>>> print(open('input_35.cif').read())   # mmCIF, C-alpha atoms and all ligand atoms
data_start
loop_
_atom_site.label_atom_id
_atom_site.label_comp_id
_atom_site.auth_asym_id
_atom_site.auth_seq_id
_atom_site.Cartn_x
_atom_site.Cartn_y
_atom_site.Cartn_z
CA MET F 1 110.55 -15.84 212.36
CA ASN F 2 109.69 -14.26 215.68
CA ILE F 3 107.01 -16.69 216.80
CA GLU F 4 108.32 -19.87 218.39
CA ILE F 5 105.87 -22.29 219.97
CA LYS F 6 107.69 -25.17 221.66
CA THR F 7 105.03 -26.59 224.00
CA GLN F 8 101.32 -27.00 224.08
CA ILE F 9 99.87 -23.67 225.24
CA PRO F 10 99.87 -23.20 228.17
CA GLY F 11 103.17 -24.98 228.79
CA PRO F 12 103.90 -26.92 232.01
CA LYS F 13 105.54 -24.01 233.85
CA SER F 14 102.70 -21.62 233.01
CA LYS F 15 100.17 -24.24 234.10
CA LYS F 16 101.91 -24.58 237.45
CA LEU F 17 102.06 -20.82 237.96
CA MET F 18 98.35 -20.56 237.10
CA LEU F 19 97.50 -23.06 239.84
CA HIS F 20 99.55 -20.99 242.29
CA ARG F 21 97.79 -17.83 241.04
CA GLU F 22 94.38 -19.42 241.52
CA GLN F 23 95.24 -20.32 245.08
CA HIS F 24 96.60 -16.94 246.13
CA VAL F 25 95.19 -14.24 243.87
CA ALA F 26 91.62 -12.97 243.99
CA ARG F 27 89.40 -14.30 241.21
CA GLY F 28 88.62 -10.79 239.84
CA PRO F 29 91.61 -9.93 237.62
CA PHE F 30 91.07 -11.49 234.18
CA HIS F 31 93.70 -12.92 231.82
CA VAL F 32 93.64 -12.63 228.06
CA SER F 33 96.11 -15.53 227.76
CA PRO F 34 97.08 -18.37 230.12
CA VAL F 35 100.84 -17.96 229.70
CA PHE F 36 103.16 -16.36 232.25
CA VAL F 37 105.76 -13.98 230.91
CA ALA F 38 109.49 -14.46 231.48
CA ASN F 39 110.64 -11.43 229.50
CA ALA F 40 109.41 -9.01 226.84
CA HIS F 41 111.46 -6.99 224.36
CA GLY F 42 110.27 -4.90 221.45
CA ALA F 43 107.19 -6.64 220.06
CA VAL F 44 108.05 -10.12 221.36
CA ILE F 45 106.95 -11.72 224.63
CA GLU F 46 108.70 -14.88 225.85
CA ASP F 47 106.89 -17.08 228.34
CA VAL F 48 108.31 -19.17 231.18
CA ASP F 49 108.26 -22.28 228.94
CA GLY F 50 110.38 -20.61 226.27
CA ASN F 51 107.51 -19.95 223.84
CA LYS F 52 107.74 -16.69 221.88
CA PHE F 53 104.70 -14.61 220.98
CA LEU F 54 104.17 -11.51 218.89
CA ASP F 55 102.42 -8.96 221.04
CA PHE F 56 99.35 -7.51 219.30
CA SER F 57 98.00 -6.01 222.52
CA SER F 58 100.93 -4.01 223.97
CA GLY F 59 99.79 -4.78 227.52
CA ILE F 60 96.48 -2.98 226.82
CA GLY F 61 97.96 -0.22 224.68
CA VAL F 62 100.97 0.61 226.85
CA ALA F 63 104.05 -0.66 225.02
CA ASN F 64 103.71 1.85 222.16
CA THR F 65 107.50 2.35 222.18
CA GLY F 66 107.98 -1.42 222.55
CA HIS F 67 108.69 -3.54 225.60
CA SER F 68 111.87 -2.75 227.54
CA HIS F 69 113.06 0.07 225.28
CA PRO F 70 116.82 0.53 225.97
CA LYS F 71 116.38 4.30 226.49
CA THR F 72 113.61 3.73 229.03
CA ILE F 73 115.63 1.05 230.84
CA LYS F 74 118.61 3.40 231.09
CA ALA F 75 116.51 6.36 232.25
CA VAL F 76 114.84 4.29 234.99
CA LYS F 77 118.11 2.65 236.09
CA ASP F 78 119.86 6.03 236.31
CA GLN F 79 117.00 7.46 238.36
CA LEU F 80 116.90 4.41 240.63
CA GLU F 81 120.57 4.98 241.50
CA LYS F 82 119.68 8.52 242.69
CA PHE F 83 116.33 8.18 244.49
CA SER F 84 113.13 6.29 243.81
CA HIS F 85 110.68 8.18 245.99
CA THR F 86 110.39 11.25 248.15
CA SER F 87 106.81 12.21 247.18
CA PHE F 88 106.37 15.36 245.11
CA ASN F 89 104.12 16.56 247.96
CA VAL F 90 106.97 16.33 250.46
CA THR F 91 110.26 17.04 248.67
CA PRO F 92 109.71 17.98 245.01
CA TYR F 93 112.05 17.03 242.17
CA GLU F 94 112.71 18.56 238.76
CA SER F 95 111.71 15.62 236.54
CA TYR F 96 108.06 16.06 237.59
CA SER F 97 108.04 19.68 236.35
CA LEU F 98 110.02 18.77 233.20
CA LEU F 99 107.46 16.13 232.31
CA CYS F 100 104.60 18.57 232.91
CA GLU F 101 106.38 21.08 230.63
CA LYS F 102 106.65 18.42 227.89
CA LEU F 103 102.97 17.52 228.20
CA ASN F 104 102.00 21.21 228.12
CA GLN F 105 104.04 21.65 224.92
CA LYS F 106 102.97 18.51 223.10
CA THR F 107 99.24 18.22 223.83
CA PRO F 108 96.80 19.91 221.43
CA GLY F 109 95.88 23.57 222.00
CA HIS F 110 97.89 26.80 221.64
CA PHE F 111 97.14 28.25 225.03
CA THR F 112 98.90 28.34 228.36
CA LYS F 113 98.68 24.92 229.95
CA LYS F 114 99.51 23.24 233.21
CA THR F 115 99.71 19.55 234.15
CA PHE F 116 99.07 17.38 237.19
CA LEU F 117 100.59 13.89 237.40
CA ALA F 118 98.98 10.80 238.92
CA ASN F 119 99.53 7.02 238.71
CA SER F 120 96.84 5.33 236.63
CA GLY F 121 94.39 6.22 233.91
CA ALA F 122 91.43 6.01 236.26
CA GLU F 123 93.16 8.35 238.69
CA ALA F 124 93.73 10.89 235.91
CA VAL F 125 90.02 10.70 235.05
CA GLU F 126 89.06 11.20 238.71
CA ASN F 127 91.28 14.25 238.92
CA ALA F 128 90.08 15.74 235.63
CA ILE F 129 86.52 15.62 237.02
CA LYS F 130 87.61 17.13 240.34
CA ILE F 131 89.42 19.94 238.52
CA ALA F 132 86.48 20.64 236.15
CA ARG F 133 84.01 20.78 239.04
CA SER F 134 86.30 22.96 241.09
CA TYR F 135 86.68 25.40 238.16
CA THR F 136 83.04 25.60 237.07
CA LYS F 137 81.51 25.11 240.53
CA LYS F 138 78.91 22.93 238.77
CA PRO F 139 78.09 19.26 239.50
CA ALA F 140 76.95 17.35 236.38
CA ILE F 141 79.20 15.30 234.10
CA VAL F 142 78.19 14.04 230.66
CA CYS F 143 79.73 10.85 229.24
CA PHE F 144 79.01 8.58 226.30
CA ASP F 145 77.50 5.23 225.53
CA HIS F 146 80.21 2.55 224.91
CA GLY F 147 82.73 4.74 226.78
CA TYR F 148 85.31 3.35 229.21
CA HIS F 149 87.19 5.43 231.77
CA GLY F 150 88.49 2.99 234.39
CA ARG F 151 87.63 1.09 237.53
CA THR F 152 87.59 3.59 240.42
CA TYR F 153 84.16 4.85 241.46
CA MET F 154 83.86 7.99 239.34
CA ALA F 155 85.63 6.31 236.40
CA MET F 156 83.32 3.30 236.76
CA GLY F 157 80.31 5.56 236.94
CA LEU F 158 81.40 7.17 233.65
CA THR F 159 81.92 3.75 232.05
CA SER F 160 79.11 2.34 229.95
CA LYS F 161 79.50 -1.45 230.00
CA VAL F 162 78.02 -3.04 233.13
CA ILE F 163 79.29 -6.63 232.93
CA PRO F 164 81.96 -7.11 234.17
CA TYR F 165 83.09 -3.58 235.02
CA LYS F 166 80.19 -2.43 237.22
CA GLU F 167 78.42 -5.63 238.17
CA GLY F 168 77.72 -5.74 241.89
CA PHE F 169 79.67 -2.56 242.67
CA GLY F 170 76.89 0.03 242.87
CA PRO F 171 75.70 2.50 243.95
CA PHE F 172 77.82 4.80 241.79
CA PRO F 173 78.45 8.53 242.26
CA GLY F 174 75.60 10.84 241.29
CA GLU F 175 75.40 13.61 238.68
CA ILE F 176 76.64 11.40 235.85
CA TYR F 177 74.59 11.51 232.63
CA LYS F 178 75.15 9.33 229.57
CA THR F 179 74.31 10.17 225.97
CA SER F 180 74.70 8.35 222.63
CA PHE F 181 77.98 8.01 220.74
CA PRO F 182 77.84 8.10 216.94
CA TYR F 183 78.52 4.43 216.19
CA GLU F 184 78.28 4.29 212.43
CA TYR F 185 78.24 0.52 211.94
CA ARG F 186 75.25 0.03 214.25
CA ALA F 187 73.48 3.29 213.39
CA THR F 188 69.88 3.03 212.25
CA SER F 189 69.93 6.17 210.11
CA LYS F 190 72.35 8.02 207.86
CA ASN F 191 71.98 11.06 210.10
CA PHE F 192 73.59 9.27 213.02
CA VAL F 193 76.03 12.11 213.74
CA GLU F 194 73.30 14.78 213.78
CA THR F 195 71.09 12.50 215.89
CA ALA F 196 73.84 11.88 218.45
CA PHE F 197 74.60 15.60 218.60
CA ALA F 198 70.91 16.42 219.07
CA ASP F 199 70.77 13.80 221.86
CA PHE F 200 73.75 15.45 223.52
CA LYS F 201 72.23 18.95 223.38
CA ASN F 202 68.86 17.70 224.61
CA LEU F 203 70.50 15.95 227.54
CA VAL F 204 72.49 19.03 228.58
CA ASN F 205 69.38 21.19 228.25
CA LYS F 206 67.48 18.73 230.44
CA ILE F 207 70.24 18.72 233.07
CA ASP F 208 70.63 22.50 232.57
CA ALA F 209 73.88 23.86 231.11
CA ASP F 210 74.25 25.95 234.27
CA LYS F 211 74.56 22.72 236.22
CA THR F 212 76.86 20.91 233.75
CA ALA F 213 80.55 20.99 234.66
CA ALA F 214 82.14 18.79 232.01
CA VAL F 215 81.83 16.42 229.09
CA ILE F 216 84.29 13.54 228.89
CA ILE F 217 84.87 11.77 225.58
CA GLU F 218 87.36 9.35 224.06
CA PRO F 219 88.29 10.70 220.58
CA VAL F 220 88.36 7.04 219.51
CA LEU F 221 86.46 4.65 221.78
CA GLY F 222 88.97 2.15 223.19
CA GLU F 223 87.28 -0.62 225.18
CA GLY F 224 84.09 0.35 223.32
CA GLY F 225 85.51 -1.10 220.09
CA PHE F 226 87.78 1.42 218.34
CA ILE F 227 85.10 3.74 217.03
CA PRO F 228 86.47 7.14 215.99
CA ALA F 229 84.33 10.15 216.91
CA PRO F 230 83.42 12.06 213.73
CA LYS F 231 85.13 15.46 213.43
CA GLU F 232 81.85 17.34 213.11
CA PHE F 233 80.52 15.71 216.29
CA LEU F 234 83.58 16.84 218.26
CA LYS F 235 83.33 20.30 216.70
CA GLY F 236 79.67 20.60 217.70
CA ILE F 237 80.40 19.52 221.26
CA SER F 238 83.36 21.91 221.57
CA GLU F 239 81.36 24.89 220.30
CA PHE F 240 78.34 24.12 222.47
CA CYS F 241 80.51 23.66 225.58
CA ALA F 242 82.52 26.84 224.95
CA LYS F 243 79.27 28.84 224.86
CA ASN F 244 78.02 27.24 228.07
CA ASN F 245 81.13 27.22 230.29
CA ILE F 246 81.32 23.42 230.17
CA VAL F 247 84.81 21.88 230.34
CA VAL F 248 85.60 19.49 227.47
CA ILE F 249 87.78 16.58 228.59
CA ALA F 250 89.40 14.30 226.01
CA ASP F 251 90.27 10.93 227.48
CA GLU F 252 93.36 10.03 225.41
CA ILE F 253 94.52 7.34 227.80
CA GLN F 254 94.28 4.65 225.10
CA THR F 255 94.54 6.86 222.00
CA GLY F 256 97.60 8.85 223.09
CA PHE F 257 101.30 8.44 222.40
CA GLY F 258 101.14 7.56 218.74
CA ARG F 259 98.43 4.92 219.03
CA THR F 260 96.47 6.53 216.16
CA GLY F 261 99.54 7.60 214.13
CA THR F 262 99.87 11.10 215.62
CA LEU F 263 101.01 11.81 219.18
CA PHE F 264 97.37 12.44 220.14
CA ALA F 265 94.23 11.42 218.24
CA SER F 266 92.69 14.87 218.83
CA GLU F 267 95.27 16.36 216.42
CA GLN F 268 93.81 14.42 213.49
CA LEU F 269 90.26 15.16 214.51
CA ASP F 270 90.77 18.95 214.73
CA PHE F 271 89.73 18.66 218.35
CA THR F 272 91.10 20.98 221.03
CA PRO F 273 89.82 19.86 224.43
CA ASP F 274 90.17 22.04 227.54
CA LEU F 275 91.63 19.13 229.49
CA ILE F 276 93.24 15.91 228.29
CA THR F 277 93.90 12.76 230.31
CA THR F 278 96.86 10.54 229.41
CA ALA F 279 98.42 7.37 230.85
CA LYS F 280 99.36 3.99 229.29
CA GLY F 281 101.92 4.85 226.54
CA LEU F 282 103.09 7.89 228.53
CA GLY F 283 105.10 5.75 230.95
CA GLY F 284 106.58 3.25 228.50
CA GLY F 285 105.62 0.46 230.92
CA LEU F 286 105.82 2.34 234.22
CA PRO F 287 102.61 3.47 235.89
CA ILE F 288 102.03 7.19 235.41
CA SER F 289 99.16 9.37 234.22
CA ALA F 290 98.46 13.02 233.69
CA VAL F 291 95.79 15.68 233.40
CA THR F 292 96.90 18.52 231.13
CA GLY F 293 94.92 21.57 230.12
CA ARG F 294 94.10 25.24 230.25
CA ALA F 295 96.14 26.81 233.07
CA GLU F 296 93.17 28.66 234.56
CA ILE F 297 91.17 25.42 234.83
CA MET F 298 94.10 23.36 236.13
CA ASP F 299 94.78 25.96 238.82
CA ALA F 300 91.22 25.89 240.19
CA PRO F 301 91.75 23.37 243.04
CA MET F 302 93.30 24.95 246.13
CA VAL F 303 96.82 24.06 247.24
CA GLY F 304 96.61 20.55 248.70
CA GLY F 305 93.35 19.85 246.84
CA ILE F 306 94.92 17.36 244.43
CA GLY F 307 97.88 15.05 244.94
CA GLY F 308 98.83 11.66 246.36
CA THR F 309 101.80 9.81 247.84
CA TYR F 310 103.08 8.29 244.60
CA CYS F 311 101.70 10.77 242.04
CA GLY F 312 104.38 11.42 239.41
CA ASN F 313 106.83 8.94 240.94
CA PRO F 314 110.45 9.78 239.94
CA LEU F 315 111.06 6.42 238.21
CA ALA F 316 107.89 6.85 236.19
CA CYS F 317 108.75 10.48 235.36
CA ALA F 318 112.17 9.35 234.09
CA ALA F 319 110.48 6.67 231.97
CA ALA F 320 107.95 9.15 230.57
CA LEU F 321 110.65 11.68 229.69
CA SER F 322 112.46 8.87 227.83
CA VAL F 323 109.22 8.12 225.95
CA PHE F 324 109.08 11.73 224.73
CA GLU F 325 112.73 11.50 223.71
CA ILE F 326 112.04 8.30 221.77
CA PHE F 327 109.15 9.97 219.94
CA GLU F 328 111.34 13.00 219.19
CA LYS F 329 114.48 11.16 218.04
CA ASP F 330 113.32 7.82 216.63
CA SER F 331 110.94 7.52 213.69
CA ILE F 332 108.11 5.93 215.69
CA LEU F 333 105.33 7.94 214.10
CA GLN F 334 106.56 7.20 210.57
CA ASN F 335 106.71 3.51 211.45
CA ALA F 336 103.20 3.77 212.91
CA GLN F 337 101.95 5.22 209.59
CA MET F 338 103.60 2.40 207.67
CA LEU F 339 102.09 -0.20 210.02
CA SER F 340 98.66 1.37 209.85
CA GLN F 341 98.55 1.22 206.06
CA LYS F 342 99.63 -2.42 205.93
CA LEU F 343 97.34 -3.40 208.77
CA ARG F 344 94.30 -1.69 207.29
CA GLU F 345 94.92 -3.11 203.82
CA LYS F 346 95.15 -6.61 205.24
CA LEU F 347 92.05 -6.22 207.43
CA LEU F 348 90.04 -4.98 204.46
CA TYR F 349 91.26 -8.02 202.52
CA PHE F 350 90.15 -10.25 205.44
CA LYS F 351 86.72 -8.58 205.31
CA GLU F 352 86.41 -9.50 201.62
CA LYS F 353 87.48 -13.06 202.34
CA PHE F 354 85.65 -13.86 205.59
CA ASN F 355 81.99 -12.98 205.93
CA ILE F 356 82.26 -13.10 209.69
CA ILE F 357 83.80 -9.60 209.59
CA GLY F 358 81.10 -6.95 209.58
CA ASP F 359 83.26 -3.87 209.96
CA VAL F 360 86.88 -2.74 209.76
CA ARG F 361 87.49 0.59 211.44
CA GLY F 362 89.82 2.76 213.45
CA LEU F 363 92.25 5.61 213.16
CA GLY F 364 95.85 5.03 212.03
CA PRO F 365 97.27 1.84 213.53
CA MET F 366 94.45 1.74 216.11
CA GLN F 367 92.36 -0.64 213.98
CA ALA F 368 89.73 -3.26 214.80
CA ILE F 369 87.44 -5.81 213.19
CA GLU F 370 83.88 -6.36 214.40
CA LEU F 371 82.74 -10.00 214.15
CA VAL F 372 79.10 -10.83 213.41
CA LYS F 373 76.98 -13.95 212.93
CA ASP F 374 75.26 -12.51 209.90
CA LEU F 375 76.28 -9.56 207.74
CA ASN F 376 72.65 -8.41 207.39
CA THR F 377 71.40 -8.73 210.96
CA LYS F 378 74.84 -7.73 212.37
CA GLU F 379 74.21 -10.00 215.33
CA PRO F 380 77.41 -9.77 217.45
CA ASN F 381 79.59 -12.90 217.35
CA THR F 382 81.21 -12.87 220.78
CA ASP F 383 82.12 -16.58 220.65
CA ALA F 384 84.07 -16.04 217.43
CA ALA F 385 86.07 -13.22 219.03
CA LYS F 386 86.87 -15.46 222.00
CA ALA F 387 87.88 -18.30 219.67
CA LEU F 388 90.14 -16.01 217.64
CA VAL F 389 91.90 -14.71 220.77
CA LYS F 390 92.47 -18.35 221.84
CA PHE F 391 93.70 -19.37 218.38
CA GLY F 392 95.99 -16.34 218.51
CA TYR F 393 97.82 -17.18 221.71
CA GLU F 394 97.93 -20.90 220.91
CA ASN F 395 99.69 -20.02 217.69
CA GLY F 396 101.95 -17.23 218.89
CA VAL F 397 99.95 -13.98 218.72
CA ILE F 398 98.65 -12.18 221.81
CA LEU F 399 95.36 -10.58 220.77
CA MET F 400 92.65 -8.75 222.71
CA SER F 401 88.95 -8.32 222.19
CA ALA F 402 86.89 -5.21 222.89
CA GLY F 403 83.44 -3.73 222.30
CA SER F 404 80.24 -3.52 224.31
CA PHE F 405 79.32 -6.99 222.99
CA GLY F 406 82.86 -8.42 223.26
CA ASN F 407 82.80 -9.17 219.53
CA VAL F 408 85.56 -6.80 218.37
CA ILE F 409 89.18 -7.79 217.87
CA ARG F 410 91.39 -4.77 218.46
CA PHE F 411 94.90 -4.37 217.18
CA LEU F 412 97.17 -2.63 219.68
CA ILE F 413 100.56 -3.38 218.19
CA PRO F 414 103.76 -1.87 219.57
CA LEU F 415 104.51 0.99 217.18
CA ILE F 416 108.12 -0.18 216.79
CA MET F 417 106.92 -3.46 215.24
CA THR F 418 108.58 -4.31 211.90
CA ASP F 419 106.51 -4.97 208.80
CA THR F 420 107.73 -8.59 208.77
CA GLN F 421 106.54 -9.07 212.35
CA LEU F 422 103.19 -7.55 211.44
CA GLU F 423 102.95 -9.84 208.40
CA GLU F 424 103.85 -12.90 210.49
CA GLY F 425 101.21 -12.09 213.08
CA LEU F 426 98.54 -11.33 210.50
CA ASN F 427 99.22 -14.67 208.78
CA VAL F 428 98.36 -16.41 212.06
CA ILE F 429 95.18 -14.33 212.37
CA GLU F 430 94.20 -15.19 208.79
CA LYS F 431 94.50 -18.91 209.62
CA GLY F 432 92.44 -18.31 212.76
CA LEU F 433 89.70 -16.51 210.83
CA ALA F 434 89.59 -19.37 208.32
CA GLN F 435 88.80 -21.79 211.16
CA LEU F 436 85.88 -19.85 212.62
C1 LIG H 501 90.12 5.48 227.53
C2 LIG H 501 90.56 4.92 228.85
N1 LIG H 501 90.38 5.66 229.95
C3 LIG H 501 90.77 5.22 231.16
C4 LIG H 501 91.34 3.98 231.31
C5 LIG H 501 91.75 3.49 232.68
O1 LIG H 501 93.14 3.43 232.76
P1 LIG H 501 93.82 2.53 233.91
O2 LIG H 501 93.52 1.12 233.61
O3 LIG H 501 95.28 2.88 233.81
O4 LIG H 501 93.23 3.00 235.21
C6 LIG H 501 91.52 3.16 230.19
C7 LIG H 501 92.11 1.81 230.32
O5 LIG H 501 91.97 0.94 229.50
C8 LIG H 501 91.13 3.66 228.93
O6 LIG H 501 91.28 2.92 227.82
#
>>> encode(input="input_35.cif", output="structure tokens", more="lines below")
Ligand SMILES: Cc1ncc(COP(=O)(O)O)c(C=O)c1O
Amino acid sequence: MNIEIKTQIPGPKSKKLMLHREQHVARGPFHVSPVFVANAHGAVIEDVDGNKFLDFSSGIGVANTGHSHPKTIKAVKDQLEKFSHTSFNVTPYESYSLLCEKLNQKTPGHFTKKTFLANSGAEAVENAIKIARSYTKKPAIVCFDHGYHGRTYMAMGLTSKVIPYKEGFGPFPGEIYKTSFPYEYRATSKNFVETAFADFKNLVNKIDADKTAAVIIEPVLGEGGFIPAPKEFLKGISEFCAKNNIVVIADEIQTGFGRTGTLFASEQLDFTPDLITTAKGLGGGLPISAVTGRAEIMDAPMVGGIGGTYCGNPLACAAALSVFEIFEKDSILQNAQMLSQKLREKLLYFKEKFNIIGDVRGLGPMQAIELVKDLNTKEPNTDAAKALVKFGYENGVILMSAGSFGNVIRFLIPLIMTDTQLEEGLNVIEKGLAQL
């Protein structure tokens, strides 16, 4: 047994820390659970009251190699003993270039690549757009309905959901155009892929392909509710963009680093973007992000055009290099395949058993269930998703919701989770579903 609940949730120490938080921290940052962490190892989080939880959220898809992986701890400690910061823009260091080399080798596409490192996912998105505009000398960017790209201004502008991400923060940057994403479960016709592709082409023709710099797409929508993009849709976009000198950017910030069972989701979707943004799992818990892609595109900004004080921080580079080593030496991807089969089987069984589940979908272990009030009307059941998340943490499983209507429960398990841990967590979720 990994789950151990000793107090009412939240326990007294967490309650006290929450009061302190409320007094001193801005209201804005949300919390999925009301418990404060004391330590986290592998797939288990222990709170300050000694309660133990199975982590089904991986700190929003970060702890793919597990919390506090010994190899990552050692790599960061060793680096810390040497130096923790000089700024790559002031006094460069080798680990930055080594990490870029790894990303160039491991990301999809057999062409010469280069990489730029930043700190967060949103910052990678910002830079991918800067690089694409600099290369094409065109202004417009196309993004997709239900997409999420972060909280800085360009990333927010590219993000679809208004509440809470954009509420009160406008105006947003210009030259951003949104088109439909092929969302099978809520599609009104069987031709939903063709329709979405036609919408995309019509939009670019209206903007004018000569004014369109880039298209940014998540191969599997993350915050949007774990909806995989159909292969033929991605193929159509790639071909259209190649003909029209439009840069294709895959945002693999949530889907990368084994989240879908392969190192990158694009590999399974036969998708070869020109640029790819990564973050989250890349750093194994340390903040780092990257833009990787065709060398001629990446080299478009002039010297000094992209950068930042902390971009590619040495501690984070050391952690990211350890993440690659873990993927190369440990059997993380095999474990991810095993987990994905068991998870999917169980979720499909839940769908048979509980008529609150309208859809089970995803790619590899990146699976989700969409909760509805009625299987025919498909009316989103946001309250049920909230109740299941609450039941989860009260009974030892940290779960997260997602989706434009907040009615999707997404499974972001650490990929080092054991099948018994998965089983234990899913048993809690089954009890939770039975109570809805
Ligand atoms: C697909 C995608 N892009 C961008 C981001 C933003 O990353 P960050 O929160 O590190 O800025 C996220 C975060 O959830 C994401 O899922």
>>> axis_aligned_box(input="input_35.cif", around="ligand LIG 501 (chain H)", padding_each_side="3 Å", output="lines of an AutoDock Vina configuration file")
center_x = 92.7
center_y = 3.3
center_z = 231.4
size_x = 11.2
size_y = 10.7
size_z = 13.7
>>> residues_near_ligand(input="input_35.cif", ligand="ligand LIG 501 (chain H)", cutoff="8 Å", atoms="all atoms listed in the file", output="PyMOL selection string")
chain F and resi 60-61+119-125+147-152+155+218+221-223+251-255+277+279-280+287+289
>>> closest_atom_pairs(input="input_35.cif", of="region 303-363 of chain F", to="region 168-187 of chain F", cutoff="12 Å", atoms="all atoms listed in the file", output="JSON lines")
{"residue": "F:Ile357", "atom": "CA", "partner": "F:Tyr185", "partner_atom": "CA", "distance": 11.8}
{"residue": "F:Gly358", "atom": "CA", "partner": "F:Tyr185", "partner_atom": "CA", "distance": 8.3}
{"residue": "F:Asp359", "atom": "CA", "partner": "F:Tyr185", "partner_atom": "CA", "distance": 7.0}
{"residue": "F:Val360", "atom": "CA", "partner": "F:Tyr185", "partner_atom": "CA", "distance": 9.5}
{"residue": "F:Arg361", "atom": "CA", "partner": "F:Tyr185", "partner_atom": "CA", "distance": 9.3}
{"residue": "F:Gly362", "atom": "CA", "partner": "F:Glu184", "partner_atom": "CA", "distance": 11.7}
>>> closest_residue(input="input_35.cif", among="F:Lys71, F:Lys106, F:Lys82, F:Lys346", to="Thr262 (chain F)", atoms="only C-alpha atoms")
F:Lys106
>>> closest_residue(input="input_35.cif", among="F:Leu375, F:Asn381, F:Ser160, F:Leu103", to="Phe264 (chain F)", atoms="all atoms listed in the file")
F:Leu103
>>> atom_distance(input="input_35.cif", atom1="CA of Ile227 (chain F)", atom2="CA of Tyr165 (chain F)")
19.5 Å
>>> closest_residue(input="input_35.cif", among="F:Lys13, F:Asp299, F:Ser68, F:Thr260", to="Asn39 (chain F)", atoms="only C-alpha atoms")
F:Ser68
>>> residues_around(input="input_35.cif", residues="Ala295 (chain F)", least_positions_apart="3", cutoff="8 Å", atoms="all atoms listed in the file", output="list in words")
Thr112, Lys113, Lys114, Met298 and Asp299 of chain F
>>> residues_around(input="input_35.cif", residues="Gly425 (chain F)", least_positions_apart="4", cutoff="12 Å", atoms="only C-alpha atoms", output="PyMOL selection string")
chain F and resi 1-4+43-44+52-57+343+346+391-393+395-399+411+413+417-421+429-432
>>> residues_around(input="input_35.cif", residues="Val248 (chain F)", least_positions_apart="4", cutoff="7 Å", atoms="all atoms listed in the file", output="list in words")
Ala214, Val215, Ile216, Ser238, Cys241, Pro273, Asp274 and Leu275 of chain F
>>> residues_near_point(input="input_35.cif", point="(104.2, -13.1, 230.3)", cutoff="8 Å", atoms="only C-alpha atoms", output="VMD selection string")
chain F and resid 35 to 40 45 to 48
>>> atom_distance(input="input_35.cif", atom1="CA of Arg21 (chain F)", atom2="CA of Gly66 (chain F)")
26.7 Å
>>> residues_around(input="input_35.cif", residues="Ala63 (chain F)", least_positions_apart="2", cutoff="6 Å", atoms="only C-alpha atoms", output="compact mmCIF listing (two decimals) with C-alpha atoms, keeping the file's coordinate frame")
# COMPACT_ATOMS: atom_id res chain seq x y z
CA SER F 58 100.93 -4.01 223.97
CA THR F 65 107.50 2.35 222.18
CA GLY F 66 107.98 -1.42 222.55
CA HIS F 67 108.69 -3.54 225.60
CA GLY F 284 106.58 3.25 228.50
CA PRO F 414 103.76 -1.87 219.57
>>> atom_distance(input="input_35.cif", atom1="CA of Leu286 (chain F)", atom2="CA of Lys329 (chain F)")
20.4 Å
>>> closest_residue(input="input_35.cif", among="F:Phe405, F:Phe240, F:Tyr349, F:Phe144", to="Ala209 (chain F)", atoms="all atoms listed in the file")
F:Phe240
>>> residues_around(input="input_35.cif", residues="Ser87 (chain F)", least_positions_apart="4", cutoff="8 Å", atoms="only C-alpha atoms", output="ChimeraX atom specification")
/F:91-92,309-311,313
>>> write_last_selection(input="input_35.cif", atoms="C-alpha atoms", output="PDB file, in the frame of the given file")
ATOM      1  CA  THR F  91     110.260  17.040 248.670  1.00  0.00           C
ATOM      2  CA  PRO F  92     109.710  17.980 245.010  1.00  0.00           C
ATOM      3  CA  THR F 309     101.800   9.810 247.840  1.00  0.00           C
ATOM      4  CA  TYR F 310     103.080   8.290 244.600  1.00  0.00           C
ATOM      5  CA  CYS F 311     101.700  10.770 242.040  1.00  0.00           C
ATOM      6  CA  ASN F 313     106.830   8.940 240.940  1.00  0.00           C
TER       7      ASN F 313
END
>>> closest_residue(input="input_35.cif", among="F:Gln268, F:Ser340, F:Ser189, F:Ser322", to="Ile73 (chain F)", atoms="all atoms listed in the file")
F:Ser322
>>> closest_residue(input="input_35.cif", among="F:Ala128, F:Val90, F:Leu17, F:Pro10", to="Ser33 (chain F)", atoms="only C-alpha atoms")
F:Pro10
